[in-house]
Structures are given as structure tokens and as C-alpha cells.
Amino acid sequence: MLQVNELNQYYGAAHTLRGVSLDVQKGRVLSLLGRNGVGKTTLLKCLMGVLPVARGNVMFEGHDITKLKPHQRARLGIAYVPQGREIFARLTVEENMLMGMATLSGRRASSIKGEVYELFPVLKEMLHRRGGDLSGGQQQQLAIARALLAEPKLIILDEPTEGIQPSIIKDIGRVISLLRQRGDIGILLCEQYFDFARELADTFVVMSRGEVVAAGTQDQMDGEDVRKHLAV
Ligand SMILES: Nc1ncnc2c1ncn2[C@@H]1O[C@H](COP(=O)(O)OP(=O)(O)OP(=O)(O)O)[C@@H](O)[C@H]1O
């Protein structure tokens, strides 16, 4: 559903993305792996239209979306959960969630809200707390919930486990595998931790210094080789 073809991007003279290609399929999880600074977040921002692309293209469901604005990509069904979560700290959990569902009709909104509460029961208990008062892990859950409330066809998660306690990492892993089982959504999971992604992803793309250095399906990936690219 999402094809990235030979994408190149520069920050001034720095060539940050060097011919990156990948393919996310409906009902599948693709994990983009790489250590800090290799260009993962830059790539995701190019996919969302937050950063311009120098060469290459981005196709979504057969349409070239390389030149579309972020809100146009969101409307097509691409949801982005940024690193650092970016929830509204002064709004309540419920208000944060409402931001995600602005485009839904009333009936659809209440049913999808029920589904999201099933995935994240903790949010239901905390509806009237301010976003800024939640723990980092709860904020991450809220950010994923908000993205899901827009009923995306593709969800892009930028390092959802970063700085989060192990019990919530497990919860987030469970949600990703439940979404995968649903079969109607593509998931692009950007991670530094192979151990988290290993169980969840169908395919892997490993980046180093702006380039794809390894790619393959779960059974094709050599754990040692991947870890070598991720080690500092
Ligand atoms: N706005 C910017 N201007 C100039 N250089 C930048 C900018 N943002 C990132 N960079 C540089 O581009 C490279 C890729 O950064 P990017 O944030 O995409 O990496 P990353 O793999 O996502 O790492 P992280 O895990 O820290 O997010 C790094 O060398 C970084 O210093």
C-alpha cells in the first residue's frame, strides 16, 4: 500500500537519505531499524510531507503522494505517531482523543472509541486527566490511540518504546500485534530495538547513514547481522 522509491533528502549539503526504498503492505508490519541519527525520523517526515524530498517518490495505494501536504496525506488515511508523542499536555485525555476523530460521524465515533478503549483500557480510566500528567508510557498509548481514532489505513510509529517502562512496552507490543491480526491496516514501525520489533514485524529494513543496508522477511533476517548495524 505504501511504496517508497529511491528517496533522497538533504539538510543543506548533508545527504541524509540516499536512495531509500521500502514497501509496506496492508495487514503487515514493516520494521525500520537503525541506530540514532541514521535518518529514520527524516524518512518518516518525508513520508508525511513535513520535509520535502529531493529525488525519488512516495506512492500510496497506487497514487503518487510525493508532493502532497501533510493534511492531505492524513486525509488519505496515513497516521503518524511522532517520536516524543506530541500530545496536548494541557488538554484532557478525552480532549486529546477528540482531536484524532474530528472527521468521524457521531455513530462511527462512538463505536471506534469503544474499540480503542478495548486496546487501551488505561485511557478509559484516565479520561479527565490532563495529558501532561500521564506517565511517558501512558502518553505514548494516548498518542497511538489518537492516531487510530482517525481510522487510518496506514499507521507510522516512530520509536514507540523509547524511554518507556517494560510493562507498557509489552502493552504496546500487544496492541501492534492485535492491529496486525485485524488485517486491514499497514504498520510502519520505526525502532532501535530489534528485540521488540523481531516478534512483531513481517519484514525488516535496516538503515545505516541514510542508506538501506539490509532488508528481508522475518525468517531471512540474521539477528547477529542486524544487531551489528544497531550496535553503537
Ligand atoms: N533539521 C535538521 N537539520 C540538519 N540536520 C538534521 C536535522 N534533523 C536531523 N538532522 C541530521 O540528520 C541525520 C538523521 O537524523 P534523524 O533524526 O533522521 O535520525 P534518526 O535515525 O531518526 O535518529 P533518532 O533515533 O535520533 O531520531 C542526523 O545526522 C541528524 O543530525
# chains A, B, ... in the order shown; residues from 1 in each chain; ligands from 1
call {"tool": "residues_around", "arguments": {"residues": "Gln192 of chain A", "least_positions_apart": "6", "cutoff": "7 Å", "atoms": "only C-alpha atoms", "output": "short mmCIF file (atom, residue, chain, number, x, y, z; two decimals) with C-alpha atoms, in the first residue's frame"}}
result
data_model
loop_
_atom_site.label_atom_id
_atom_site.label_comp_id
_atom_site.auth_asym_id
_atom_site.auth_seq_id
_atom_site.Cartn_x
_atom_site.Cartn_y
_atom_site.Cartn_z
CA LEU A 33 15.60 -0.39 12.14
CA GLY A 34 18.68 1.72 12.69
CA ARG A 35 20.61 3.39 15.44
CA LEU A 230 22.31 -1.37 15.56
#
call {"tool": "residues_near_ligand", "arguments": {"ligand": "ligand 1", "cutoff": "10 Å", "atoms": "only C-alpha atoms and all ligand atoms", "output": "number ranges by chain"}}
result
A: 9-17, 32-46, 51, 82-84, 158-159, 162, 190-192, 207-210
call {"tool": "select_by_dssp", "arguments": {"residues": "segment 81-224 of chain A", "states": "strand (DSSP E)", "output": "list in words"}}
result
Val81, Leu154, Ile155, Ile156, Leu157, Asp158, Gly186, Ile187, Leu188, Leu189, Cys190, Glu191, Thr203, Phe204, Val205, Val206, Met207, Ser208, Glu211, Val212, Val213, Ala214, Ala215, Gly216 and Thr217 of chain A
call {"tool": "residues_around", "arguments": {"residues": "segment 163-167 of chain A", "least_positions_apart": "5", "cutoff": "9 Å", "atoms": "only C-alpha atoms", "output": "PyMOL selection string"}}
result
chain A and resi 135-137+140+172
call {"tool": "closest_residue", "arguments": {"among": "A:Val206, A:Ala215, A:Ile87, A:Val116", "to": "Ala143 of chain A", "atoms": "only C-alpha atoms"}}
result
A:Ile87
call {"tool": "residues_around", "arguments": {"residues": "Lys124 of chain A", "least_positions_apart": "4", "cutoff": "12 Å", "atoms": "only C-alpha atoms", "output": "CSV table (one decimal) with N, CA and C atoms, in the first residue's frame"}}
result
chain,number,residue,atom,x,y,z
A,92,THR,N,-7.3,17.4,28.3
A,92,THR,CA,-7.5,16.1,28.9
A,92,THR,C,-7.3,15.0,27.9
A,93,VAL,N,-7.2,13.7,28.5
A,93,VAL,CA,-7.1,12.6,27.7
A,93,VAL,C,-8.2,12.5,26.6
A,94,GLU,N,-9.5,12.8,27.1
A,94,GLU,CA,-10.6,12.8,26.2
A,94,GLU,C,-10.5,13.8,25.1
A,97,MET,N,-8.1,12.8,22.6
A,97,MET,CA,-8.7,11.8,21.7
A,97,MET,C,-9.6,12.4,20.7
A,113,LYS,N,-14.4,4.5,19.3
A,113,LYS,CA,-13.9,4.9,20.6
A,113,LYS,C,-13.9,3.6,21.5
A,114,GLY,N,-15.0,2.8,21.4
A,114,GLY,CA,-15.1,1.6,22.1
A,114,GLY,C,-14.0,0.6,21.8
A,115,GLU,N,-13.6,0.5,20.5
A,115,GLU,CA,-12.5,-0.3,20.1
A,115,GLU,C,-11.2,0.1,20.7
A,116,VAL,N,-11.0,1.4,20.7
A,116,VAL,CA,-9.8,2.0,21.2
A,116,VAL,C,-9.7,1.8,22.7
A,117,TYR,N,-10.8,1.9,23.4
A,117,TYR,CA,-10.7,1.6,24.9
A,117,TYR,C,-10.4,0.2,25.1
A,118,GLU,N,-10.9,-0.7,24.3
A,118,GLU,CA,-10.5,-2.1,24.4
A,118,GLU,C,-9.0,-2.3,24.3
A,119,LEU,N,-8.4,-1.6,23.4
A,119,LEU,CA,-7.0,-1.7,23.2
A,119,LEU,C,-6.2,-1.1,24.3
A,120,PHE,N,-6.7,0.0,24.8
A,120,PHE,CA,-6.0,0.8,25.8
A,120,PHE,C,-7.0,1.1,27.0
A,128,HIS,N,-10.4,12.1,32.2
A,128,HIS,CA,-10.4,13.5,32.6
A,128,HIS,C,-9.1,14.0,33.2
A,129,ARG,N,-8.1,13.2,33.1
A,129,ARG,CA,-6.7,13.7,33.5
A,129,ARG,C,-6.1,14.5,32.4
A,138,GLN,N,2.0,6.1,29.2
A,138,GLN,CA,0.6,6.4,29.0
A,138,GLN,C,0.4,7.4,27.9
A,141,GLN,N,0.7,5.7,24.7
A,141,GLN,CA,-0.6,4.9,24.4
A,141,GLN,C,-1.6,5.9,23.9
A,142,LEU,N,-1.7,7.1,24.5
A,142,LEU,CA,-2.7,8.1,24.1
A,142,LEU,C,-2.4,8.6,22.7
A,145,ALA,N,-3.5,5.9,20.4
A,145,ALA,CA,-5.0,5.9,20.4
A,145,ALA,C,-5.5,7.0,19.5
call {"tool": "residues_around", "arguments": {"residues": "Phe196 of chain A", "least_positions_apart": "4", "cutoff": "9 Å", "atoms": "only C-alpha atoms", "output": "PyMOL selection string"}}
result
chain A and resi 161+169-170+173+191-192+200
call {"tool": "residues_around", "arguments": {"residues": "Ser177 of chain A", "least_positions_apart": "6", "cutoff": "12 Å", "atoms": "only C-alpha atoms", "output": "PDB file with C-alpha atoms, in the first residue's frame"}}
result
ATOM      1  CA  GLY A  27      -2.174  -6.227   7.241  1.00  0.00           C
ATOM      2  CA  ARG A  28       1.597  -6.399   7.677  1.00  0.00           C
ATOM      3  CA  VAL A  29       4.180  -4.807   9.932  1.00  0.00           C
ATOM      4  CA  LEU A 119      -6.968  -1.738  23.158  1.00  0.00           C
ATOM      5  CA  LYS A 170       4.596  -5.111  26.385  1.00  0.00           C
ATOM      6  CA  ASP A 171       1.166  -3.481  26.175  1.00  0.00           C
ATOM      7  CA  GLY A 183      -5.542  -7.347   8.678  1.00  0.00           C
ATOM      8  CA  ILE A 185      -4.088  -1.683   8.351  1.00  0.00           C
ATOM      9  CA  GLY A 186      -0.454  -1.361   7.301  1.00  0.00           C
ATOM     10  CA  ILE A 187       2.038  -0.651  10.081  1.00  0.00           C
ATOM     11  CA  LEU A 189       7.280   0.583  12.988  1.00  0.00           C
ATOM     12  CA  PHE A 196      10.954  -5.514  20.366  1.00  0.00           C
ATOM     13  CA  ALA A 197      10.450  -5.482  16.595  1.00  0.00           C
ATOM     14  CA  ARG A 198      11.581  -9.044  15.991  1.00  0.00           C
ATOM     15  CA  GLU A 199       8.393 -10.718  17.235  1.00  0.00           C
ATOM     16  CA  LEU A 200       6.074  -8.165  15.679  1.00  0.00           C
ATOM     17  CA  ALA A 201       7.333  -7.474  12.183  1.00  0.00           C
ATOM     18  CA  ASP A 202       6.829  -9.415   8.961  1.00  0.00           C
TER      19      ASP A 202
END
call {"tool": "closest_residue", "arguments": {"among": "A:Ser31, A:Ser21, A:Asn8, A:Gln220", "to": "Ile155 of chain A", "atoms": "only C-alpha atoms"}}
result
A:Ser31
call {"tool": "atom_distance", "arguments": {"atom1": "atom CA of Leu157 of chain A", "atom2": "atom CA of Leu2 of chain A"}}
result
14.3 Å
call {"tool": "atom_distance", "arguments": {"atom1": "atom CA of Gly100 of chain A", "atom2": "atom CA of Ile144 of chain A"}}
result
9.9 Å
call {"tool": "atom_distance", "arguments": {"atom1": "atom CA of Met99 of chain A", "atom2": "atom CA of Gly77 of chain A"}}
result
15.3 Å
